[in-house]
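Structure below is input_18.cif: mmCIF, C-alpha atoms.
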data_input
loop_
_atom_site.label_atom_id
_atom_site.label_comp_id
_atom_site.auth_asym_id
_atom_site.auth_seq_id
_atom_site.Cartn_x
_atom_site.Cartn_y
_atom_site.Cartn_z
CA MET V 84 122.42 102.60 110.75
CA LEU V 85 121.45 102.14 107.10
CA LEU V 86 121.23 105.13 104.77
CA THR V 87 118.80 104.66 101.87
CA ILE V 88 118.67 107.04 98.90
CA ASP V 89 115.88 107.07 96.30
CA VAL V 90 116.69 109.39 93.39
CA GLY V 91 113.65 110.36 91.32
CA ASN V 92 113.39 112.71 88.37
CA THR V 93 112.11 115.59 90.51
CA HIS V 94 112.97 114.77 94.12
CA THR V 95 115.51 112.68 96.00
CA VAL V 96 114.41 111.05 99.25
CA LEU V 97 116.91 109.94 101.88
CA GLY V 98 115.94 107.68 104.76
CA LEU V 99 117.81 106.51 107.83
CA PHE V 100 116.99 103.06 109.22
CA ASP V 101 117.76 101.76 112.69
CA GLY V 102 117.06 98.08 112.13
CA ASP V 103 113.63 97.77 110.51
CA GLU V 104 112.49 101.23 111.66
CA ILE V 105 112.92 104.40 109.66
CA VAL V 106 114.04 107.01 112.18
CA GLU V 107 114.67 110.00 109.92
CA HIS V 108 113.99 111.11 106.37
CA TRP V 109 114.75 114.07 104.10
CA ARG V 110 113.45 115.22 100.70
CA ILE V 111 115.60 117.37 98.40
CA SER V 112 115.36 118.43 94.77
CA THR V 113 117.08 116.24 92.20
CA ASP V 114 119.68 118.27 90.32
CA PRO V 115 121.66 116.32 87.67
CA ARG V 116 124.29 119.09 87.73
CA ARG V 117 125.34 118.47 91.34
CA THR V 118 128.80 116.98 91.68
CA ALA V 119 129.79 114.25 94.11
CA ASP V 120 131.40 116.82 96.39
CA GLU V 121 128.27 118.98 96.43
CA LEU V 122 126.14 115.95 97.23
CA ALA V 123 128.49 115.00 100.06
CA VAL V 124 128.27 118.49 101.59
CA LEU V 125 124.47 118.45 101.32
CA MET V 126 124.25 115.02 102.93
CA GLN V 127 126.60 116.06 105.71
CA GLY V 128 124.44 119.09 106.44
CA LEU V 129 121.28 117.02 106.68
CA MET V 130 122.66 114.11 108.66
CA GLY V 131 124.75 116.33 110.92
CA MET V 132 121.53 117.49 112.54
CA HIS V 133 120.55 113.98 113.65
CA PRO V 134 121.44 113.19 117.27
CA LEU V 135 122.37 109.56 116.56
CA LEU V 136 125.00 110.47 113.97
CA GLY V 137 128.41 112.04 114.42
CA GLU V 138 129.48 115.38 113.03
CA GLU V 139 131.81 113.83 110.46
CA LEU V 140 130.35 112.48 107.24
CA GLY V 141 129.92 108.73 107.57
CA ASP V 142 129.87 108.59 111.37
CA GLY V 143 127.17 106.15 112.48
CA ILE V 144 126.42 104.89 108.95
CA ASP V 145 126.88 101.12 108.67
CA GLY V 146 125.51 100.64 105.14
CA ILE V 147 124.12 102.47 102.11
CA SER V 148 121.48 101.40 99.59
CA ILE V 149 120.77 103.52 96.50
CA CYS V 150 118.49 103.45 93.48
CA SER V 151 118.23 106.15 90.84
CA THR V 152 116.17 106.87 87.73
CA VAL V 153 118.66 109.60 86.78
CA PRO V 154 121.91 108.06 85.44
CA SER V 155 124.05 111.19 85.96
CA VAL V 156 123.07 111.38 89.64
CA LEU V 157 123.75 107.68 90.09
CA HIS V 158 127.24 108.24 88.70
CA GLU V 159 127.91 111.02 91.21
CA LEU V 160 126.48 109.03 94.12
CA ARG V 161 128.76 106.17 93.16
CA GLU V 162 131.64 108.62 93.55
CA VAL V 163 130.25 109.82 96.91
CA THR V 164 130.25 106.27 98.28
CA ARG V 165 133.78 105.68 96.99
CA ARG V 166 135.35 108.90 98.31
CA TYR V 167 133.42 109.54 101.50
CA TYR V 168 132.07 106.13 102.56
CA GLY V 169 134.88 103.90 101.34
CA ASP V 170 134.70 101.53 104.32
CA VAL V 171 130.89 101.30 104.36
CA PRO V 172 129.15 98.46 102.44
CA SER V 173 127.15 100.04 99.61
CA ILE V 174 124.49 98.65 97.29
CA LEU V 175 123.49 100.42 94.07
CA VAL V 176 120.42 98.89 92.48
CA GLU V 177 121.41 98.00 88.91
CA PRO V 178 121.65 94.84 86.77
CA GLY V 179 123.21 92.04 88.81
CA ILE V 180 121.74 93.10 92.14
CA LYS V 181 119.54 90.42 93.72
CA THR V 182 115.98 91.60 94.40
CA GLY V 183 114.18 88.26 94.48
CA VAL V 184 111.48 89.67 92.17
CA PRO V 185 111.02 87.79 88.85
CA ILE V 186 110.25 90.32 86.09
CA LEU V 187 107.62 89.14 83.58
CA MET V 188 108.34 91.79 80.95
CA ASP V 189 109.34 91.56 77.29
CA ASN V 190 112.55 93.41 78.19
CA PRO V 191 113.20 93.34 81.96
CA LYS V 192 115.99 95.93 81.61
CA GLU V 193 113.40 98.55 80.63
CA VAL V 194 111.78 98.52 84.06
CA GLY V 195 112.96 101.29 86.36
CA ALA V 196 114.86 100.19 89.45
CA ASP V 197 112.46 102.09 91.70
CA ARG V 198 109.49 100.14 90.33
CA ILE V 199 111.09 96.79 91.11
CA ILE V 200 112.04 98.05 94.56
CA ASN V 201 108.45 99.14 95.16
CA ALA V 202 107.19 95.72 94.07
CA LEU V 203 109.58 94.03 96.48
CA ALA V 204 108.46 96.23 99.38
CA GLY V 205 104.78 95.81 98.52
CA ILE V 206 104.94 92.01 98.47
CA HIS V 207 107.01 92.04 101.68
CA LEU V 208 104.57 94.23 103.58
CA TYR V 209 101.21 93.07 102.23
CA GLY V 210 101.72 89.92 100.19
CA GLY V 211 100.35 89.38 96.73
CA PRO V 212 98.65 90.13 94.55
CA CYS V 213 99.08 93.87 94.90
CA ILE V 214 99.25 97.05 92.85
CA VAL V 215 101.63 99.87 93.72
CA VAL V 216 100.59 103.35 92.61
CA ASP V 217 103.53 105.76 92.81
CA PHE V 218 102.66 109.46 92.52
CA GLY V 219 105.87 111.01 91.27
CA THR V 220 106.99 112.86 88.14
CA ALA V 221 104.98 110.17 86.37
CA THR V 222 102.14 108.25 87.99
CA THR V 223 103.15 104.61 87.72
CA PHE V 224 101.05 101.51 88.33
CA ASP V 225 102.97 98.30 89.10
CA ALA V 226 101.23 94.94 89.29
CA VAL V 227 102.66 92.16 91.48
CA SER V 228 101.29 88.63 91.26
CA ALA V 229 100.37 86.35 94.14
CA ARG V 230 103.75 84.64 93.61
CA GLY V 231 105.67 87.89 94.01
CA GLU V 232 106.36 88.37 90.30
CA TYR V 233 106.50 91.78 88.67
CA ALA V 234 103.70 91.28 86.16
CA GLY V 235 103.86 94.65 84.39
CA GLY V 236 102.30 98.04 84.80
CA ALA V 237 101.16 101.33 83.36
CA ILE V 238 102.69 104.81 83.16
CA ALA V 239 100.72 108.06 83.04
CA PRO V 240 101.78 111.72 83.19
CA GLY V 241 102.23 112.83 86.79
CA ILE V 242 100.13 115.43 88.57
CA GLU V 243 102.76 118.19 88.44
CA ILE V 244 103.49 117.49 84.77
CA SER V 245 99.80 117.96 83.99
CA VAL V 246 99.59 121.18 85.98
CA ASP V 247 102.69 122.56 84.25
CA ALA V 248 101.34 121.57 80.83
CA LEU V 249 98.02 123.32 81.46
CA GLY V 250 99.78 126.49 82.54
CA ALA V 251 102.19 126.42 79.61
CA ARG V 252 99.77 125.51 76.81
CA GLY V 253 96.57 127.22 77.96
CA ALA V 254 96.50 130.90 76.91
CA GLN V 255 94.27 131.92 79.82
CA LEU V 256 95.49 129.32 82.30
CA ARG V 257 98.32 129.47 84.80
CA LYS V 258 100.12 127.22 87.25
CA ILE V 259 97.97 126.68 90.34
CA GLU V 260 98.32 125.45 93.89
CA LEU V 261 97.61 121.74 94.23
CA ALA V 262 94.77 121.98 96.73
CA ARG V 263 91.21 120.71 97.18
CA PRO V 264 88.61 123.04 95.61
CA ARG V 265 85.37 123.98 97.38
CA SER V 266 83.39 121.67 95.11
CA VAL V 267 83.77 119.46 92.07
CA ILE V 268 82.01 122.10 89.99
CA GLY V 269 84.57 124.89 90.05
CA LYS V 270 83.29 128.47 90.47
CA ASN V 271 86.38 130.07 88.97
CA THR V 272 89.27 129.09 86.71
CA VAL V 273 91.60 128.09 89.54
CA GLU V 274 88.98 125.88 91.21
CA ALA V 275 88.02 124.37 87.86
CA MET V 276 91.66 123.41 87.24
CA GLN V 277 92.03 122.07 90.79
CA SER V 278 88.90 119.99 90.35
CA GLY V 279 90.07 118.59 87.02
CA ILE V 280 93.46 117.65 88.47
CA LEU V 281 92.32 116.25 91.82
CA TYR V 282 89.20 114.36 90.82
CA GLY V 283 90.52 113.55 87.36
CA PHE V 284 93.58 111.81 88.78
CA ALA V 285 91.49 110.05 91.44
CA GLY V 286 89.26 108.72 88.67
CA GLN V 287 92.31 107.67 86.67
CA VAL V 288 93.69 105.74 89.64
CA ASP V 289 90.37 104.04 90.33
CA GLY V 290 89.83 103.13 86.69
CA LEU V 291 93.31 101.79 85.97
CA ALA V 292 93.72 99.95 89.28
CA THR V 293 90.29 98.32 88.91
CA ARG V 294 91.08 97.09 85.39
CA MET V 295 94.52 95.84 86.45
CA ALA V 296 93.10 94.02 89.47
CA ALA V 297 90.62 92.21 87.21
CA GLU V 298 93.54 90.88 85.13
CA LEU V 299 95.77 90.16 88.10
CA ALA V 300 93.45 87.96 90.21
CA ASP V 301 90.32 85.84 89.85
CA ASP V 302 88.84 87.88 92.67
CA PRO V 303 89.84 91.57 92.34
CA GLU V 304 89.00 92.05 96.02
CA ASP V 305 92.09 90.01 96.85
CA VAL V 306 94.35 92.68 95.34
CA THR V 307 95.85 95.25 97.74
CA VAL V 308 96.30 98.72 96.22
CA ILE V 309 99.22 100.58 97.80
CA ALA V 310 99.82 104.31 97.29
CA THR V 311 103.23 105.92 97.62
CA GLY V 312 105.10 108.96 96.31
CA GLY V 313 105.23 112.59 97.32
CA LEU V 314 101.87 113.57 95.81
CA ALA V 315 99.88 110.57 97.06
CA PRO V 316 98.25 112.47 99.98
CA LEU V 317 96.52 114.76 97.48
CA VAL V 318 94.51 111.89 95.98
CA LEU V 319 94.07 109.50 98.92
CA ARG V 320 90.73 110.83 100.17
CA GLU V 321 89.20 110.91 96.70
CA SER V 322 90.18 107.43 95.52
CA THR V 323 87.87 104.51 96.25
CA VAL V 324 90.37 101.72 95.54
CA ILE V 325 93.50 102.67 97.50
CA ASP V 326 93.76 100.36 100.51
CA VAL V 327 96.91 101.68 102.21
CA HIS V 328 99.34 104.58 102.07
CA GLU V 329 103.05 103.77 102.45
CA PRO V 330 105.04 107.02 102.04
CA TRP V 331 108.41 105.30 102.51
CA LEU V 332 107.72 102.20 100.40
CA THR V 333 110.77 102.66 98.16
CA LEU V 334 113.05 103.19 101.14
CA VAL V 335 111.73 99.98 102.72
CA GLY V 336 112.48 98.18 99.46
CA LEU V 337 116.02 99.56 99.47
CA ARG V 338 116.51 98.23 102.98
CA LEU V 339 115.31 94.79 101.87
CA VAL V 340 117.63 94.79 98.83
CA TYR V 341 120.57 95.77 101.01
CA GLU V 342 119.86 92.91 103.41
CA ARG V 343 119.56 90.40 100.55
CA ASN V 344 122.83 91.41 98.93
CA VAL V 345 125.07 92.23 101.87
CA SER V 346 124.34 88.87 103.46
CA THR V 347 125.77 87.14 100.37
CA THR V 348 128.87 89.30 99.91
#
Whole structure, structure tokens version:
Amino acid sequence: MLLTIDVGNTHTVLGLFDGDEIVEHWRISTDPRRTADELAVLMQGLMGMHPLLGEELGDGIDGISICSTVPSVLHELREVTRRYYGDVPSILVEPGIKTGVPILMDNPKEVGADRIINALAGIHLYGGPCIVVDFGTATTFDAVSARGEYAGGAIAPGIEISVDALGARGAQLRKIELARPRSVIGKNTVEAMQSGILYGFAGQVDGLATRMAAELADDPEDVTVIATGGLAPLVLRESTVIDVHEPWLTLVGLRLVYERNVSTT
């Protein structure tokens, strides 16, 4: 089986693939202070519960594919693969790895590995043109052309960042639960904040995606808008432009990258 690991700024998502099918997944906090040995113990604890894997770390794992937006964690995961999965083919998404996605940016090295992986998975699953909206620490918008090129994107503060900022900078405000309020017009401070976050972000997604689609295709209706990321379910029902929800889009992209690179090594 293939182990895929997507390291974000806030959370790390691990997925286990049996062929093309994701059969198990886990979400843990991203902690840049964790050592390779700590990561190995954590992974062993999670995977040891799966019936298709052995009790020893590495049993049943035939390959590993990793991308990370946190350099210190990537360094430690590199050590994990070396020490604990030495005989298992491993792919770490970094310069030199073949993705098959041309990057039409002024400086392609500036684009996060996860965004290119998402573009690859989006074009694989739904064709182009498409827009991937990833609700993570930041809310990112990635545009993919009809030819499968990464055309560019937009980056906005994420939902949790905005909630934290309101609680920290507003004298009479506090951190709130991310939940749907009774109505758009809040009847108390908590509901007013929930309304501003929920419907404000839905409006942001609709506005940005609509403008990007108009630049990406002659007919904006041809553009598929794909939502992913841990906080996507909060906005799905309120957005009018999101066509499909793919919670494991990045993991699918990691599987595709692994297949492209292992077949040539």
Quick one: apply the PyMOL selection byres ((chain V and resi 145) around 7) to the file and drop the selected residues here as an MDAnalysis selection string. chainID V and resid 84:85 143:144 146 171
In Å to one decimal, how far is atom CA of V:Arg294 from atom CA of V:Leu337? 28.7 Å
For V:Arg198, the closest of V:Asp326, V:Asp217, V:Glu243, V:Asp114 counting all atoms listed in the file is V:Asp217
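Residue nearest V:Leu187 within the list V:Ser322, V:Thr220, V:Thr311, V:Ser228: V:Ser228 [criterion: smallest interatomic distance, only C-alpha atoms].
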Correct to one decimal, the distance atom CA of V:Gly195-atom CA of V:Leu261 is 26.8 Å
Name every residue that the PyMOL selection byres ((chain V and resi 317) around 12) selects in this structure, writing the answer as JSON, numbers by chain with chains first and numbers rising. {"V": [218, 219, 242, 243, 260, 261, 262, 263, 264, 277, 278, 280, 281, 282, 283, 284, 285, 310, 311, 312, 313, 314, 315, 316, 318, 319, 320, 321, 322, 328]}
On this structure, the PyMOL selection byres ((chain V and resi 307) around 8) would catch which residues? List them as JSON, numbers by chain, sorted by chain and number. {"V": [209, 211, 212, 213, 214, 304, 305, 306, 308, 309, 325, 326, 327]}
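With all atoms listed in the file as the basis for measurement, V:His207 is the residue among V:Lys270, V:His158, V:Arg166, V:His207 that approaches V:Thr182 most closely.
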In Å to one decimal, how far is atom CA of V:Ala221 from atom CA of V:Asn92? 9.0 Å
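With distances restricted to all atoms listed in the file, V:Ala119 is the closest residue to V:Arg161 from V:Ala119, V:Ile238, V:Met295, V:Val106.
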What's the 9 Å shell around V:Gly183, counting all atoms listed in the file, without same-chain residues fewer than 3 positions away, as a PyMOL selection string? chain V and resi 203+231-232+340+343
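For V:Asp225, the list of residues within 8 Å, based on all atoms listed in the file and with local chain neighbours fewer than 5 positions off taken out, reads Arg198, Ala202, Ile214, Val215, Val216, Tyr233, Ala234, Gly235, Gly236 and Ala237 of chain V.
Counting only C-alpha atoms, the residue from V:Ala196, V:Val273, V:Ala292, V:Ile180 that sits nearest to V:Leu157 is V:Ala196.
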